[in-house]
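What follows is the content of input.pdb (PDB, C-alpha atoms and all ligand atoms).
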MODEL        1
ATOM      1  CA  MET A   2      37.045 -45.853   3.384  1.00  0.00           C
ATOM      2  CA  ARG A   3      38.974 -42.643   3.800  1.00  0.00           C
ATOM      3  CA  PHE A   4      39.306 -40.042   1.040  1.00  0.00           C
ATOM      4  CA  VAL A   5      41.075 -36.708   0.759  1.00  0.00           C
ATOM      5  CA  ILE A   6      39.046 -34.156  -1.193  1.00  0.00           C
ATOM      6  CA  GLU A   7      40.802 -30.995  -2.328  1.00  0.00           C
ATOM      7  CA  PHE A   8      39.519 -28.237  -4.595  1.00  0.00           C
ATOM      8  CA  GLN A   9      40.366 -24.875  -6.122  1.00  0.00           C
ATOM      9  CA  CYS A  10      37.770 -22.103  -6.431  1.00  0.00           C
ATOM     10  CA  TYR A  11      36.774 -18.937  -8.168  1.00  0.00           C
ATOM     11  CA  LYS A  12      34.479 -16.387  -6.504  1.00  0.00           C
ATOM     12  CA  VAL A  13      31.050 -15.343  -7.764  1.00  0.00           C
ATOM     13  CA  GLN A  14      29.094 -12.769  -5.740  1.00  0.00           C
ATOM     14  CA  ASP A  15      31.846 -13.245  -3.161  1.00  0.00           C
ATOM     15  CA  ASN A  16      30.954 -16.945  -2.767  1.00  0.00           C
ATOM     16  CA  PRO A  17      33.390 -19.728  -3.629  1.00  0.00           C
ATOM     17  CA  VAL A  18      32.537 -21.699  -6.781  1.00  0.00           C
ATOM     18  CA  ILE A  19      34.519 -24.886  -7.246  1.00  0.00           C
ATOM     19  CA  LYS A  20      36.622 -24.928 -10.415  1.00  0.00           C
ATOM     20  CA  GLU A  21      38.758 -28.040  -9.892  1.00  0.00           C
ATOM     21  CA  ILE A  22      38.085 -30.916  -7.491  1.00  0.00           C
ATOM     22  CA  SER A  23      40.014 -34.077  -6.739  1.00  0.00           C
ATOM     23  CA  ILE A  24      39.128 -37.168  -4.690  1.00  0.00           C
ATOM     24  CA  CYS A  25      42.138 -39.240  -3.622  1.00  0.00           C
ATOM     25  CA  GLY A  26      41.910 -42.523  -1.703  1.00  0.00           C
ATOM     26  CA  VAL A  27      43.851 -42.943   1.529  1.00  0.00           C
ATOM     27  CA  ASP A  28      43.234 -46.701   1.745  1.00  0.00           C
ATOM     28  CA  SER A  29      43.538 -47.238  -2.012  1.00  0.00           C
ATOM     29  CA  ASN A  30      45.066 -45.718  -5.133  1.00  0.00           C
ATOM     30  CA  PHE A  31      41.730 -44.194  -6.119  1.00  0.00           C
ATOM     31  CA  LEU A  32      41.999 -40.807  -7.864  1.00  0.00           C
ATOM     32  CA  LYS A  33      39.306 -38.859  -9.723  1.00  0.00           C
ATOM     33  CA  ASN A  34      39.273 -35.206 -10.696  1.00  0.00           C
ATOM     34  CA  ILE A  35      37.183 -32.756 -12.679  1.00  0.00           C
ATOM     35  CA  ILE A  36      37.555 -29.208 -13.954  1.00  0.00           C
ATOM     36  CA  PHE A  37      34.131 -27.552 -14.048  1.00  0.00           C
ATOM     37  CA  LYS A  38      32.907 -25.080 -16.639  1.00  0.00           C
ATOM     38  CA  PRO A  39      32.395 -21.507 -15.350  1.00  0.00           C
ATOM     39  CA  PRO A  40      28.968 -20.813 -13.786  1.00  0.00           C
ATOM     40  CA  CYS A  41      28.533 -17.599 -15.817  1.00  0.00           C
ATOM     41  CA  SER A  42      30.316 -15.397 -18.318  1.00  0.00           C
ATOM     42  CA  TRP A  43      33.387 -13.490 -17.082  1.00  0.00           C
ATOM     43  CA  TYR A  44      31.611 -10.286 -18.180  1.00  0.00           C
ATOM     44  CA  GLN A  45      28.750 -10.937 -15.749  1.00  0.00           C
ATOM     45  CA  LEU A  46      31.087 -10.762 -12.737  1.00  0.00           C
ATOM     46  CA  ASN A  47      31.121  -7.673 -10.535  1.00  0.00           C
ATOM     47  CA  GLN A  48      34.325  -5.641 -10.150  1.00  0.00           C
ATOM     48  CA  LYS A  49      35.228  -7.181  -6.795  1.00  0.00           C
ATOM     49  CA  ASP A  50      34.882 -10.727  -8.143  1.00  0.00           C
ATOM     50  CA  ILE A  51      36.957  -9.800 -11.198  1.00  0.00           C
ATOM     51  CA  ARG A  52      39.758  -8.478  -8.973  1.00  0.00           C
ATOM     52  CA  THR A  53      39.629 -11.559  -6.734  1.00  0.00           C
ATOM     53  CA  ASN A  54      39.487 -13.968  -9.659  1.00  0.00           C
ATOM     54  CA  ARG A  55      42.387 -12.279 -11.448  1.00  0.00           C
ATOM     55  CA  TYR A  56      44.413 -12.733  -8.260  1.00  0.00           C
ATOM     56  CA  LEU A  57      43.387 -16.396  -7.943  1.00  0.00           C
ATOM     57  CA  TYR A  58      44.287 -17.015 -11.593  1.00  0.00           C
ATOM     58  CA  HIS A  59      47.689 -15.323 -11.535  1.00  0.00           C
ATOM     59  CA  ASN A  60      48.821 -16.248  -8.022  1.00  0.00           C
ATOM     60  CA  ILE A  61      47.032 -19.375  -6.838  1.00  0.00           C
ATOM     61  CA  HIS A  62      45.669 -21.947  -9.264  1.00  0.00           C
ATOM     62  CA  ASN A  63      46.209 -20.602 -12.816  1.00  0.00           C
ATOM     63  CA  LEU A  64      43.037 -22.332 -14.056  1.00  0.00           C
ATOM     64  CA  HIS A  65      41.481 -20.352 -16.887  1.00  0.00           C
ATOM     65  CA  TRP A  66      37.920 -19.103 -16.231  1.00  0.00           C
ATOM     66  CA  ASN A  67      36.613 -20.776 -19.407  1.00  0.00           C
ATOM     67  CA  GLN A  68      38.324 -24.143 -18.869  1.00  0.00           C
ATOM     68  CA  GLY A  69      36.218 -27.110 -17.922  1.00  0.00           C
ATOM     69  CA  THR A  70      34.394 -30.162 -19.172  1.00  0.00           C
ATOM     70  CA  LEU A  71      31.203 -30.427 -17.064  1.00  0.00           C
ATOM     71  CA  PRO A  72      28.764 -27.899 -15.550  1.00  0.00           C
ATOM     72  CA  ILE A  73      29.050 -27.152 -11.810  1.00  0.00           C
ATOM     73  CA  SER A  74      25.547 -28.616 -11.393  1.00  0.00           C
ATOM     74  CA  TYR A  75      27.233 -32.032 -11.771  1.00  0.00           C
ATOM     75  CA  LEU A  76      29.232 -31.497  -8.552  1.00  0.00           C
ATOM     76  CA  LYS A  77      26.976 -33.405  -6.144  1.00  0.00           C
ATOM     77  CA  GLU A  78      26.519 -36.288  -8.556  1.00  0.00           C
ATOM     78  CA  PHE A  79      30.300 -36.486  -8.906  1.00  0.00           C
ATOM     79  CA  LEU A  80      30.745 -36.613  -5.124  1.00  0.00           C
ATOM     80  CA  PHE A  81      27.966 -39.115  -4.469  1.00  0.00           C
ATOM     81  CA  THR A  82      29.192 -41.392  -7.260  1.00  0.00           C
ATOM     82  CA  TYR A  83      32.319 -42.086  -5.257  1.00  0.00           C
ATOM     83  CA  ILE A  84      31.671 -41.136  -1.611  1.00  0.00           C
ATOM     84  CA  GLU A  85      29.522 -43.522   0.425  1.00  0.00           C
ATOM     85  CA  THR A  86      27.712 -42.381   3.558  1.00  0.00           C
ATOM     86  CA  ASP A  87      30.090 -44.267   5.875  1.00  0.00           C
ATOM     87  CA  ASP A  88      33.255 -42.916   4.228  1.00  0.00           C
ATOM     88  CA  ILE A  89      35.368 -40.376   6.070  1.00  0.00           C
ATOM     89  CA  VAL A  90      36.430 -37.306   4.099  1.00  0.00           C
ATOM     90  CA  TYR A  91      39.554 -35.264   4.850  1.00  0.00           C
ATOM     91  CA  THR A  92      40.380 -31.809   3.564  1.00  0.00           C
ATOM     92  CA  LYS A  93      42.743 -28.988   4.526  1.00  0.00           C
ATOM     93  CA  GLY A  94      41.319 -25.825   6.079  1.00  0.00           C
ATOM     94  CA  LEU A  95      38.103 -24.757   7.793  1.00  0.00           C
ATOM     95  CA  GLU A  96      36.539 -23.112   4.718  1.00  0.00           C
ATOM     96  CA  LYS A  97      36.846 -26.290   2.627  1.00  0.00           C
ATOM     97  CA  GLN A  98      35.657 -28.408   5.562  1.00  0.00           C
ATOM     98  CA  LEU A  99      32.463 -26.328   5.865  1.00  0.00           C
ATOM     99  CA  ILE A 100      31.834 -26.387   2.100  1.00  0.00           C
ATOM    100  CA  LEU A 101      32.214 -30.185   1.962  1.00  0.00           C
ATOM    101  CA  GLU A 102      30.031 -30.682   5.041  1.00  0.00           C
ATOM    102  CA  GLU A 103      27.290 -28.712   3.355  1.00  0.00           C
ATOM    103  CA  LEU A 104      27.669 -30.602   0.063  1.00  0.00           C
ATOM    104  CA  LEU A 105      27.846 -34.095   1.558  1.00  0.00           C
ATOM    105  CA  GLN A 106      25.607 -33.475   4.560  1.00  0.00           C
ATOM    106  CA  THR A 107      25.385 -35.891   7.433  1.00  0.00           C
ATOM    107  CA  PRO A 108      26.194 -38.646   8.160  1.00  0.00           C
ATOM    108  CA  ASN A 109      29.506 -38.161   6.333  1.00  0.00           C
ATOM    109  CA  VAL A 110      32.282 -37.019   8.619  1.00  0.00           C
ATOM    110  CA  VAL A 111      34.521 -34.291   7.186  1.00  0.00           C
ATOM    111  CA  VAL A 112      37.808 -33.912   9.036  1.00  0.00           C
ATOM    112  CA  ASN A 113      39.993 -30.808   8.777  1.00  0.00           C
ATOM    113  CA  LEU A 114      43.573 -32.032   8.296  1.00  0.00           C
ATOM    114  CA  GLU A 115      44.770 -28.985  10.236  1.00  0.00           C
ATOM    115  CA  ASP A 116      43.201 -30.591  13.323  1.00  0.00           C
ATOM    116  CA  LEU A 117      45.509 -33.592  12.699  1.00  0.00           C
ATOM    117  CA  HIS A 118      48.481 -31.196  12.477  1.00  0.00           C
ATOM    118  CA  CYS A 119      49.052 -31.968   8.795  1.00  0.00           C
ATOM    119  CA  PRO A 120      51.662 -29.535   7.383  1.00  0.00           C
ATOM    120  CA  LYS A 121      51.097 -27.322   4.340  1.00  0.00           C
ATOM    121  CA  ALA A 122      51.322 -29.166   0.997  1.00  0.00           C
ATOM    122  CA  LYS A 123      54.281 -27.056  -0.134  1.00  0.00           C
ATOM    123  CA  ASP A 124      56.224 -27.994   3.007  1.00  0.00           C
ATOM    124  CA  ILE A 125      55.881 -31.761   2.478  1.00  0.00           C
ATOM    125  CA  LYS A 126      55.581 -32.034  -1.316  1.00  0.00           C
ATOM    126  CA  ASP A 127      59.173 -33.173  -1.774  1.00  0.00           C
ATOM    127  CA  MET A 128      58.626 -36.108   0.606  1.00  0.00           C
ATOM    128  CA  PHE A 129      56.022 -37.766  -1.585  1.00  0.00           C
ATOM    129  CA  PRO A 130      55.727 -38.602  -5.295  1.00  0.00           C
ATOM    130  CA  HIS A 131      53.136 -36.333  -6.892  1.00  0.00           C
ATOM    131  CA  HIS A 132      52.229 -34.567 -10.078  1.00  0.00           C
ATOM    132  CA  ASN A 133      49.888 -31.800 -11.116  1.00  0.00           C
ATOM    133  CA  CYS A 134      46.951 -32.642 -13.333  1.00  0.00           C
ATOM    134  CA  SER A 135      47.369 -31.969 -17.044  1.00  0.00           C
ATOM    135  CA  PHE A 136      45.694 -28.543 -16.657  1.00  0.00           C
ATOM    136  CA  HIS A 137      48.392 -27.145 -14.423  1.00  0.00           C
ATOM    137  CA  HIS A 138      51.871 -25.779 -14.535  1.00  0.00           C
ATOM    138  CA  LYS A 139      53.808 -27.222 -11.610  1.00  0.00           C
ATOM    139  CA  ASP A 140      54.312 -23.931  -9.757  1.00  0.00           C
ATOM    140  CA  PHE A 141      50.595 -23.424  -9.081  1.00  0.00           C
ATOM    141  CA  GLU A 142      48.145 -24.928  -6.624  1.00  0.00           C
ATOM    142  CA  CYS A 143      46.505 -28.041  -8.019  1.00  0.00           C
ATOM    143  CA  ALA A 144      43.714 -29.980  -6.290  1.00  0.00           C
ATOM    144  CA  VAL A 145      45.042 -33.259  -7.698  1.00  0.00           C
ATOM    145  CA  LYS A 146      48.576 -32.607  -6.484  1.00  0.00           C
ATOM    146  CA  ASN A 147      47.444 -31.475  -3.029  1.00  0.00           C
ATOM    147  CA  SER A 148      45.020 -34.380  -2.525  1.00  0.00           C
ATOM    148  CA  LYS A 149      47.762 -36.861  -3.424  1.00  0.00           C
ATOM    149  CA  ILE A 150      50.275 -35.198  -1.088  1.00  0.00           C
ATOM    150  CA  PHE A 151      47.815 -35.174   1.849  1.00  0.00           C
ATOM    151  CA  ALA A 152      46.722 -38.794   1.208  1.00  0.00           C
ATOM    152  CA  SER A 153      50.383 -39.850   1.167  1.00  0.00           C
ATOM    153  CA  TRP A 154      50.999 -37.971   4.418  1.00  0.00           C
ATOM    154  CA  MET A 155      47.979 -39.677   6.000  1.00  0.00           C
ATOM    155  CA  LYS A 156      49.174 -43.131   4.930  1.00  0.00           C
ATOM    156  CA  ILE A 157      52.228 -42.806   7.144  1.00  0.00           C
ATOM    157  CA  ASN A 158      50.828 -40.561   9.909  1.00  0.00           C
ATOM    158  CA  CYS A 159      47.198 -41.589  10.429  1.00  0.00           C
ATOM    159  CA  PHE A 160      46.420 -45.225  11.026  1.00  0.00           C
ATOM    160  CA  ARG A 161      42.974 -46.688  10.774  1.00  0.00           C
ATOM    161  CA  TYR A 162      40.901 -46.873  13.924  1.00  0.00           C
ATOM    162  CA  GLU A 163      38.353 -49.445  12.802  1.00  0.00           C
ATOM    163  CA  GLU A 164      38.907 -51.522  15.913  1.00  0.00           C
ATOM    164  CA  TYR A 165      37.384 -48.814  18.094  1.00  0.00           C
TER     165      TYR A 165
HETATM  166 ZN    ZN B 201      45.137 -29.431 -11.277  1.00  0.00          ZN
ENDMDL
END

Let's see the structure in the file written out as structure tokens.
Amino acid sequence: MRFVIEFQCYKVQDNPVIKEISICGVDSNFLKNIIFKPPCSWYQLNQKDIRTNRYLYHNIHNLHWNQGTLPISYLKEFLFTYIETDDIVYTKGLEKQLILEELLQTPNVVVNLEDLHCPKAKDIKDMFPHHNCSFHHKDFECAVKNSKIFASWMKINCFRYEEY
């Protein structure tokens, strides 16, 4: 099966820490998402992380640092609950591709949608029905919204190649 996985991050020690993740089926209507609890207190962050995270909050995803239902340690269990080793995972951008490759490890294939010439979510969002998750105002980046938009784009632009 094919799945689009999208996520939004904060930075801790300059490394991305996933805050919101969404898995959306390309060959089904499957959709699961989680908002993770913060990995540490806001007051433990260094000044550079605080600046970066303030920017991410106000300009990108608008997810509050303290939001979340499960600890980030649950991330791999969440992924492996739904992603089988022969599934193909799609995401947008090299950074997310590398993060997912490291999390899933071989033999899962992680495809960068940019290599398939998939446009930016904001440029195709009006073509497909979508909604943000309940944590998000519509003007901000949402992993749920973006995964649904990219899965919808794939349904009409990327056919299955099982016969090969
Ligand atoms: Zn969201």

For CA of Thr82 (chain A) and CA of Leu64 (chain A), the interatomic separation in Å (one decimal):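 Pair CA of Thr82 (chain A) / CA of Leu64 (chain A) returns 24.5 Å.
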
Picked residues, the PyMOL selection byres (((not hetatm)) within 6 of (chain B and resi 201)), as a ChimeraX atom specification: /A:133-134,136-137,143-145

Could you list, as a short mmCIF file (atom, residue, chain, number, x, y, z; two decimals) with C-alpha atoms, in the coordinates of the input, every residue within 9 Å of Lys38 (chain A), counting only C-alpha atoms and ignoring same-chain residues fewer than 4 positions away?
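What landed in result_33.cif:
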data_model
loop_
_atom_site.label_atom_id
_atom_site.label_comp_id
_atom_site.auth_asym_id
_atom_site.auth_seq_id
_atom_site.Cartn_x
_atom_site.Cartn_y
_atom_site.Cartn_z
CA LYS A 20 36.62 -24.93 -10.42
CA TRP A 66 37.92 -19.10 -16.23
CA ASN A 67 36.61 -20.78 -19.41
CA GLN A 68 38.32 -24.14 -18.87
CA GLY A 69 36.22 -27.11 -17.92
CA THR A 70 34.39 -30.16 -19.17
CA LEU A 71 31.20 -30.43 -17.06
CA PRO A 72 28.76 -27.90 -15.55
CA ILE A 73 29.05 -27.15 -11.81
#

Under the PyMOL selection byres (((chain A and resi 89-100) around 8) and not hetatm), which residues of this model are included? Write them out as a PDB file with C-alpha atoms, in the frame of the given file.
ATOM      1  CA  MET A   2      37.045 -45.853   3.384  1.00  0.00           C
ATOM      2  CA  ARG A   3      38.974 -42.643   3.800  1.00  0.00           C
ATOM      3  CA  PHE A   4      39.306 -40.042   1.040  1.00  0.00           C
ATOM      4  CA  VAL A   5      41.075 -36.708   0.759  1.00  0.00           C
ATOM      5  CA  ILE A   6      39.046 -34.156  -1.193  1.00  0.00           C
ATOM      6  CA  GLU A   7      40.802 -30.995  -2.328  1.00  0.00           C
ATOM      7  CA  PHE A   8      39.519 -28.237  -4.595  1.00  0.00           C
ATOM      8  CA  ASP A  87      30.090 -44.267   5.875  1.00  0.00           C
ATOM      9  CA  ASP A  88      33.255 -42.916   4.228  1.00  0.00           C
ATOM     10  CA  LEU A 101      32.214 -30.185   1.962  1.00  0.00           C
ATOM     11  CA  GLU A 102      30.031 -30.682   5.041  1.00  0.00           C
ATOM     12  CA  GLU A 103      27.290 -28.712   3.355  1.00  0.00           C
ATOM     13  CA  LEU A 104      27.669 -30.602   0.063  1.00  0.00           C
ATOM     14  CA  ASN A 109      29.506 -38.161   6.333  1.00  0.00           C
ATOM     15  CA  VAL A 110      32.282 -37.019   8.619  1.00  0.00           C
ATOM     16  CA  VAL A 111      34.521 -34.291   7.186  1.00  0.00           C
ATOM     17  CA  VAL A 112      37.808 -33.912   9.036  1.00  0.00           C
ATOM     18  CA  ASN A 113      39.993 -30.808   8.777  1.00  0.00           C
ATOM     19  CA  LEU A 114      43.573 -32.032   8.296  1.00  0.00           C
ATOM     20  CA  GLU A 115      44.770 -28.985  10.236  1.00  0.00           C
TER      21      GLU A 115
END

Test item: residues at most 8 Å from region 117-132 of chain A, all atoms listed in the file, excluding those fewer than 4 positions along its chain, as a list in words: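 In the requested format, the answer is Asn113, Lys139, Val145, Lys146, Asn147, Lys149, Ile150, Phe151, Ser153 and Trp154 of chain A.
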
Who sits within 7 Å of Asn34 (chain A), all atoms listed in the file, same chain under 4 positions skipped, as a PyMOL selection string: chain A and resi 22-24+145

Shell of 10 Å around region 40-46 of chain A, only C-alpha atoms, local chain residues under 4 positions omitted, as an MDAnalysis selection string: chainID A and resid 11:15 18:20 50:52 54 66:67 72:74

Distance in Å - CA of Pro108 (chain A) versus CA of Pro17 (chain A):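 Distance reported for this atom pair: 23.4 Å.
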
Distance of CA of Glu85 (chain A) from CA of His62 (chain A), expressed in Å to one decimal place: 28.6 Å

Nearest residue to Phe141 (chain A) from the set A:Gln9, A:Asn16, A:Asn47, A:Asn30 (distances using all atoms listed in the file): A:Gln9

Any chance you could turn region 59-79 of chain A into a file with N, CA and C atoms, as a compact mmCIF listing (two decimals), in the first residue's frame?
# COMPACT_ATOMS: atom_id res chain seq x y z
N HIS A 59 4.55 31.06 15.19
CA HIS A 59 3.81 32.22 14.68
C HIS A 59 3.63 32.21 13.17
N ASN A 60 4.56 31.57 12.45
CA ASN A 60 4.53 31.69 10.99
C ASN A 60 4.27 30.39 10.24
N ILE A 61 4.49 29.26 10.86
CA ILE A 61 4.36 28.00 10.12
C ILE A 61 3.18 27.16 10.63
N HIS A 62 3.32 26.54 11.79
CA HIS A 62 2.28 25.56 12.14
C HIS A 62 1.33 25.98 13.24
N ASN A 63 1.71 26.97 14.09
CA ASN A 63 0.81 27.47 15.13
C ASN A 63 0.38 26.40 16.14
N LEU A 64 1.22 25.36 16.30
CA LEU A 64 0.94 24.34 17.32
C LEU A 64 1.64 24.76 18.60
N HIS A 65 0.89 24.85 19.69
CA HIS A 65 1.47 25.30 20.94
C HIS A 65 2.47 24.27 21.47
N TRP A 66 3.59 24.76 22.02
CA TRP A 66 4.65 23.90 22.55
C TRP A 66 4.09 22.83 23.49
N ASN A 67 3.15 23.22 24.36
CA ASN A 67 2.66 22.29 25.39
C ASN A 67 1.50 21.42 24.93
N GLN A 68 1.02 21.60 23.71
CA GLN A 68 -0.05 20.73 23.20
C GLN A 68 0.45 19.30 23.10
N GLY A 69 -0.47 18.38 23.01
CA GLY A 69 -0.07 17.00 22.73
C GLY A 69 -0.70 15.99 23.65
N THR A 70 -0.83 14.77 23.15
CA THR A 70 -1.52 13.72 23.90
C THR A 70 -0.59 12.58 24.28
N LEU A 71 0.46 12.32 23.49
CA LEU A 71 1.34 11.18 23.74
C LEU A 71 2.80 11.64 23.71
N PRO A 72 3.69 10.94 24.43
CA PRO A 72 5.11 11.32 24.39
C PRO A 72 5.74 10.97 23.05
N ILE A 73 6.78 11.71 22.66
CA ILE A 73 7.45 11.49 21.37
C ILE A 73 8.07 10.08 21.30
N SER A 74 8.30 9.47 22.43
CA SER A 74 8.85 8.10 22.44
C SER A 74 7.87 7.11 21.80
N TYR A 75 6.62 7.50 21.63
CA TYR A 75 5.62 6.63 21.01
C TYR A 75 5.68 6.70 19.49
N LEU A 76 6.53 7.57 18.94
CA LEU A 76 6.55 7.81 17.49
C LEU A 76 6.75 6.54 16.66
N LYS A 77 7.78 5.75 16.98
CA LYS A 77 8.05 4.56 16.17
C LYS A 77 6.92 3.54 16.28
N GLU A 78 6.38 3.39 17.48
CA GLU A 78 5.26 2.45 17.64
C GLU A 78 4.07 2.90 16.80
N PHE A 79 3.83 4.20 16.77
CA PHE A 79 2.75 4.75 15.94
C PHE A 79 2.98 4.40 14.47
